Amino acid sequence: MLSKLCKDYIINLQTENVFFDEPMKNHTSFRIGGPADVFIEPESPEKFCELISFLKKESVPFFVMGAGSNLLVGDKGIRGVVIKTGKGFDSLKKEDNIITAGSGVTLVKLANFAASNSLSGLEFAGGIPGLVGGAIYMNAGAYGGEMKDVVVSTTYLDENGDIKELKDAEHKFVYRGSAFTDGQKYILSTKIKLKDAPEDEIKAVMKDLNARRREKQPLKYPSAGSTFKRPEGYFAAKLIEDAGLKGTFVGGAAVSKKHSGFVINQTGEATASDVCALIDKIKETVFKQFNVELCCEVKMVGEF
Ligand SMILES: Cc1cc2nc3c(=O)[nH]c(=O)nc-3n(C[C@H](O)[C@H](O)[C@H](O)COP(=O)(O)OP(=O)(O)OC[C@H]3O[C@@H](n4cnc5c(N)ncnc54)[C@H](O)[C@@H]3O)c2cc1C
């Protein structure tokens, strides 16, 4: 339960985007998740930093998110405050071949902005449905490209409330992870270095990659993308298909028939418990048949 002091502070923020007992299914691509005690989308990085400093001082738990495209939120929701680094973080500018993007810019907008400025290197990101902050945290990647290939520096709020910068190798990018994965640093903006190339060539590559995505992925259904990380030496989707799990369902959640690497919210009414039970079933079956341990790429948040 939030204290009166905390509620009063949040109400006094006079930000339009404050919601109490907000269903998280409205803020995740899975369309799943119980209520967050409070959901806030701060209108500027300054307000965000002030808010975090207050919540830390008052020991109020909080969770920082982007577009919610890699999250499974529990059916009982999230206690404390959920903060989305969205609209207030959507600055975008270009200087020579460097783009500076706020953490709330969508990857689609960023990739299109790069293409329109004849800058190549972000073609891989043009179909990933996250925001810049979430993409750096996760080191999002596709079709041979990853954020690590283009990010040169990132400004963030550290655990002591100071604004700091990470450069190049300090990001510690690994497969679907980064220096931010400890969850104690909050990404504000990033600088991305790209190469000059003709706009029409960049756009042709993006068009092709998006067509491949539409052809292979179950984009008609809510999901959080690939449910599992790629196990070394294998492909999660192939293991799941070979284990005979394609189309398997628990409640409203199913292994996509189009792409076995995706657990989808097939009915639109799936619960987090359905998804968790299906994930357990997949992990158990794949381990029994192939002795390979699947690890979730999707982040579990809140109370299940
Ligand atoms: C249809 C579909 C296709 C997908 N395809 C791909 C793909 O090809 N490649 C790929 O890598 N991923 C893919 N994804 C997964 C997802 O889009 C990426 O992981 C994306 O980078 C997540 O960004 P987000 O803004 O949605 O982050 P969220 O899901 O909101 O959060 C992810 C993590 O980042 C943290 N975070 C977010 N913002 C910040 C911030 N400002 N500061 C600190 N921490 C933060 C959160 O705490 C959380 O732990 C796909 C998802 C879907 C639904």
# chains A, B, ... in the order shown; residues from 1 in each chain; ligands from 1
>>> select_by_dssp(residues="region 51-271 of chain A", states="strand (DSSP E or B)", output="PyMOL selection string")
chain A and resi 62-65+71-73+77-84+92-95+98-102+106+119-120+131+141-142+145-146+151-157+163-167+174+177+186-193+195-196+223-226+228+249-250+253-255+262-265
>>> residues_near_ligand(ligand="ligand 1", cutoff="6 Å", atoms="only C-alpha atoms and all ligand atoms", output="number ranges by chain")
A: 29, 64-71, 85, 103, 128-131, 133-135, 137-138, 140-142, 185-188, 219, 223-225
>>> residues_around(residues="Thr248 (chain A)", least_positions_apart="3", cutoff="10 Å", atoms="only C-alpha atoms", output="JSON, numbers by chain")
{"A": [244, 245, 253, 254, 255, 256, 257, 260, 263, 278, 281, 282]}
>>> write_last_selection(atoms="C-alpha atoms", output="mmCIF file, in the first residue's frame")
data_model
loop_
_atom_site.group_PDB
_atom_site.id
_atom_site.type_symbol
_atom_site.label_atom_id
_atom_site.label_comp_id
_atom_site.auth_asym_id
_atom_site.auth_seq_id
_atom_site.Cartn_x
_atom_site.Cartn_y
_atom_site.Cartn_z
ATOM 1 C CA GLY A 244 5.993 -31.692 -31.047
ATOM 2 C CA LEU A 245 4.861 -28.605 -29.159
ATOM 3 C CA ALA A 253 -1.854 -19.092 -24.305
ATOM 4 C CA ALA A 254 -0.435 -21.131 -27.169
ATOM 5 C CA VAL A 255 2.789 -22.004 -28.954
ATOM 6 C CA SER A 256 2.328 -20.188 -32.249
ATOM 7 C CA LYS A 257 1.683 -22.455 -35.227
ATOM 8 C CA SER A 260 7.228 -22.065 -32.491
ATOM 9 C CA VAL A 263 4.205 -18.010 -27.060
ATOM 10 C CA LEU A 278 3.007 -23.234 -20.934
ATOM 11 C CA LYS A 281 5.748 -27.338 -20.101
ATOM 12 C CA ILE A 282 7.942 -26.277 -23.038
#
>>> select_by_dssp(residues="region 4-154 of chain A", states="helix (DSSP H, G or I)", output="ChimeraX atom specification")
/A:4-12,24-27,45-57,87-89,107-116,123-125,132-138,147-149
>>> write_last_selection(atoms="C-alpha atoms", output="PDB file, in the first residue's frame")
ATOM      1  CA  LYS A   4      -0.634   9.141   1.955  1.00  0.00           C
ATOM      2  CA  LEU A   5       2.590  11.163   1.556  1.00  0.00           C
ATOM      3  CA  CYS A   6       3.441   9.211  -1.584  1.00  0.00           C
ATOM      4  CA  LYS A   7      -0.072   9.529  -3.043  1.00  0.00           C
ATOM      5  CA  ASP A   8      -0.119  13.276  -2.319  1.00  0.00           C
ATOM      6  CA  TYR A   9       3.300  13.714  -3.916  1.00  0.00           C
ATOM      7  CA  ILE A  10       2.227  11.846  -7.042  1.00  0.00           C
ATOM      8  CA  ILE A  11      -1.038  13.796  -7.293  1.00  0.00           C
ATOM      9  CA  ASN A  12       0.940  17.036  -6.885  1.00  0.00           C
ATOM     10  CA  MET A  24      -0.787  -3.494 -17.012  1.00  0.00           C
ATOM     11  CA  LYS A  25      -2.404  -5.439 -19.850  1.00  0.00           C
ATOM     12  CA  ASN A  26      -3.001  -1.982 -21.360  1.00  0.00           C
ATOM     13  CA  HIS A  27       0.761  -1.394 -21.434  1.00  0.00           C
ATOM     14  CA  PRO A  45      13.595  13.457 -17.969  1.00  0.00           C
ATOM     15  CA  GLU A  46      13.811  16.131 -15.231  1.00  0.00           C
ATOM     16  CA  LYS A  47      10.437  15.077 -13.735  1.00  0.00           C
ATOM     17  CA  PHE A  48      11.526  11.438 -14.030  1.00  0.00           C
ATOM     18  CA  CYS A  49      14.736  12.086 -12.049  1.00  0.00           C
ATOM     19  CA  GLU A  50      12.818  14.026  -9.368  1.00  0.00           C
ATOM     20  CA  LEU A  51      10.257  11.253  -9.066  1.00  0.00           C
ATOM     21  CA  ILE A  52      12.890   8.531  -8.695  1.00  0.00           C
ATOM     22  CA  SER A  53      14.730  10.524  -6.060  1.00  0.00           C
ATOM     23  CA  PHE A  54      11.470  10.919  -4.068  1.00  0.00           C
ATOM     24  CA  LEU A  55      10.519   7.236  -4.369  1.00  0.00           C
ATOM     25  CA  LYS A  56      14.003   6.172  -3.224  1.00  0.00           C
ATOM     26  CA  LYS A  57      13.893   8.541  -0.253  1.00  0.00           C
ATOM     27  CA  LYS A  87       6.508  10.381 -24.499  1.00  0.00           C
ATOM     28  CA  GLY A  88       8.646  12.687 -22.323  1.00  0.00           C
ATOM     29  CA  PHE A  89      11.797  11.036 -23.687  1.00  0.00           C
ATOM     30  CA  LEU A 107      12.951   1.828 -32.685  1.00  0.00           C
ATOM     31  CA  VAL A 108      10.721   2.079 -35.753  1.00  0.00           C
ATOM     32  CA  LYS A 109      10.851   5.902 -35.651  1.00  0.00           C
ATOM     33  CA  LEU A 110      14.614   5.859 -35.002  1.00  0.00           C
ATOM     34  CA  ALA A 111      15.321   3.470 -37.893  1.00  0.00           C
ATOM     35  CA  ASN A 112      13.131   5.522 -40.263  1.00  0.00           C
ATOM     36  CA  PHE A 113      14.781   8.765 -39.129  1.00  0.00           C
ATOM     37  CA  ALA A 114      18.214   7.243 -39.839  1.00  0.00           C
ATOM     38  CA  ALA A 115      17.081   6.024 -43.273  1.00  0.00           C
ATOM     39  CA  SER A 116      15.622   9.417 -44.209  1.00  0.00           C
ATOM     40  CA  GLU A 123      18.010  -1.376 -40.717  1.00  0.00           C
ATOM     41  CA  PHE A 124      17.778  -4.426 -38.413  1.00  0.00           C
ATOM     42  CA  ALA A 125      15.792  -2.426 -35.841  1.00  0.00           C
ATOM     43  CA  VAL A 132      15.346   2.944 -27.341  1.00  0.00           C
ATOM     44  CA  GLY A 133      15.771   2.427 -23.551  1.00  0.00           C
ATOM     45  CA  GLY A 134      14.404  -1.122 -23.630  1.00  0.00           C
ATOM     46  CA  ALA A 135      16.478  -1.906 -26.720  1.00  0.00           C
ATOM     47  CA  ILE A 136      19.726  -0.835 -25.034  1.00  0.00           C
ATOM     48  CA  TYR A 137      18.865  -2.654 -21.804  1.00  0.00           C
ATOM     49  CA  MET A 138      18.159  -5.843 -23.818  1.00  0.00           C
ATOM     50  CA  MET A 147      22.279  -2.323 -30.648  1.00  0.00           C
ATOM     51  CA  LYS A 148      25.888  -2.990 -29.603  1.00  0.00           C
ATOM     52  CA  ASP A 149      27.006  -2.393 -33.212  1.00  0.00           C
TER      53      ASP A 149
END
>>> residues_around(residues="Glu269 (chain A)", least_positions_apart="6", cutoff="12 Å", atoms="only C-alpha atoms", output="PyMOL selection string")
chain A and resi 25+30-33+75+221-222+250-254+275
>>> closest_residue(among="A:Asn139, A:Asn265, A:Asn17, A:Thr100", to="Thr190 (chain A)", atoms="only C-alpha atoms")
A:Thr100
>>> residues_around(residues="Phe228 (chain A)", least_positions_apart="5", cutoff="7 Å", atoms="only C-alpha atoms", output="list in words")
Ala236, Gly261, Leu294, Cys295, Cys296, Glu297 and Val298 of chain A
>>> write_last_selection(atoms="N, CA and C atoms", output="CSV table (one decimal), in the first residue's frame")
chain,number,residue,atom,x,y,z
A,236,ALA,N,15.8,-22.1,-30.6
A,236,ALA,CA,14.7,-22.5,-29.6
A,236,ALA,C,13.5,-22.9,-30.4
A,261,GLY,N,8.8,-20.4,-31.8
A,261,GLY,CA,9.6,-19.6,-30.8
A,261,GLY,C,8.8,-18.6,-30.0
A,294,LEU,N,16.2,-24.3,-21.9
A,294,LEU,CA,15.8,-23.1,-22.5
A,294,LEU,C,15.7,-22.0,-21.4
A,295,CYS,N,16.2,-20.8,-21.7
A,295,CYS,CA,16.1,-19.7,-20.7
A,295,CYS,C,15.2,-18.6,-21.3
A,296,CYS,N,14.3,-18.0,-20.5
A,296,CYS,CA,13.4,-17.0,-21.0
A,296,CYS,C,14.1,-15.7,-21.4
A,297,GLU,N,13.7,-15.2,-22.5
A,297,GLU,CA,14.2,-13.9,-23.0
A,297,GLU,C,13.2,-12.8,-22.4
A,298,VAL,N,11.9,-13.3,-22.3
A,298,VAL,CA,10.9,-12.4,-21.7
A,298,VAL,C,11.1,-12.2,-20.2
>>> closest_residue(among="A:Glu293, A:Glu215, A:Glu95, A:Asp158", to="Lys229 (chain A)", atoms="only C-alpha atoms")
A:Glu293
>>> residues_around(residues="Ile40 (chain A)", least_positions_apart="4", cutoff="7 Å", atoms="only C-alpha atoms", output="MDAnalysis selection string")
chainID A and resid 17:19 82:84
>>> residues_around(residues="Asn291 (chain A)", least_positions_apart="5", cutoff="12 Å", atoms="only C-alpha atoms", output="list in words")
Pro231, Tyr234, Leu239, Ala243, Lys283, Glu284, Thr285 and Val286 of chain A
>>> write_last_selection(atoms="C-alpha atoms", output="PDB file, in the first residue's frame")
ATOM      1  CA  PRO A 231      20.546 -21.739 -26.659  1.00  0.00           C
ATOM      2  CA  TYR A 234      20.571 -24.604 -31.280  1.00  0.00           C
ATOM      3  CA  LEU A 239      13.738 -27.513 -30.612  1.00  0.00           C
ATOM      4  CA  ALA A 243       9.492 -31.686 -29.513  1.00  0.00           C
ATOM      5  CA  LYS A 283      11.104 -26.147 -20.911  1.00  0.00           C
ATOM      6  CA  GLU A 284      10.411 -29.548 -19.351  1.00  0.00           C
ATOM      7  CA  THR A 285       9.591 -31.267 -22.665  1.00  0.00           C
ATOM      8  CA  VAL A 286      12.586 -29.794 -24.524  1.00  0.00           C
TER       9      VAL A 286
END
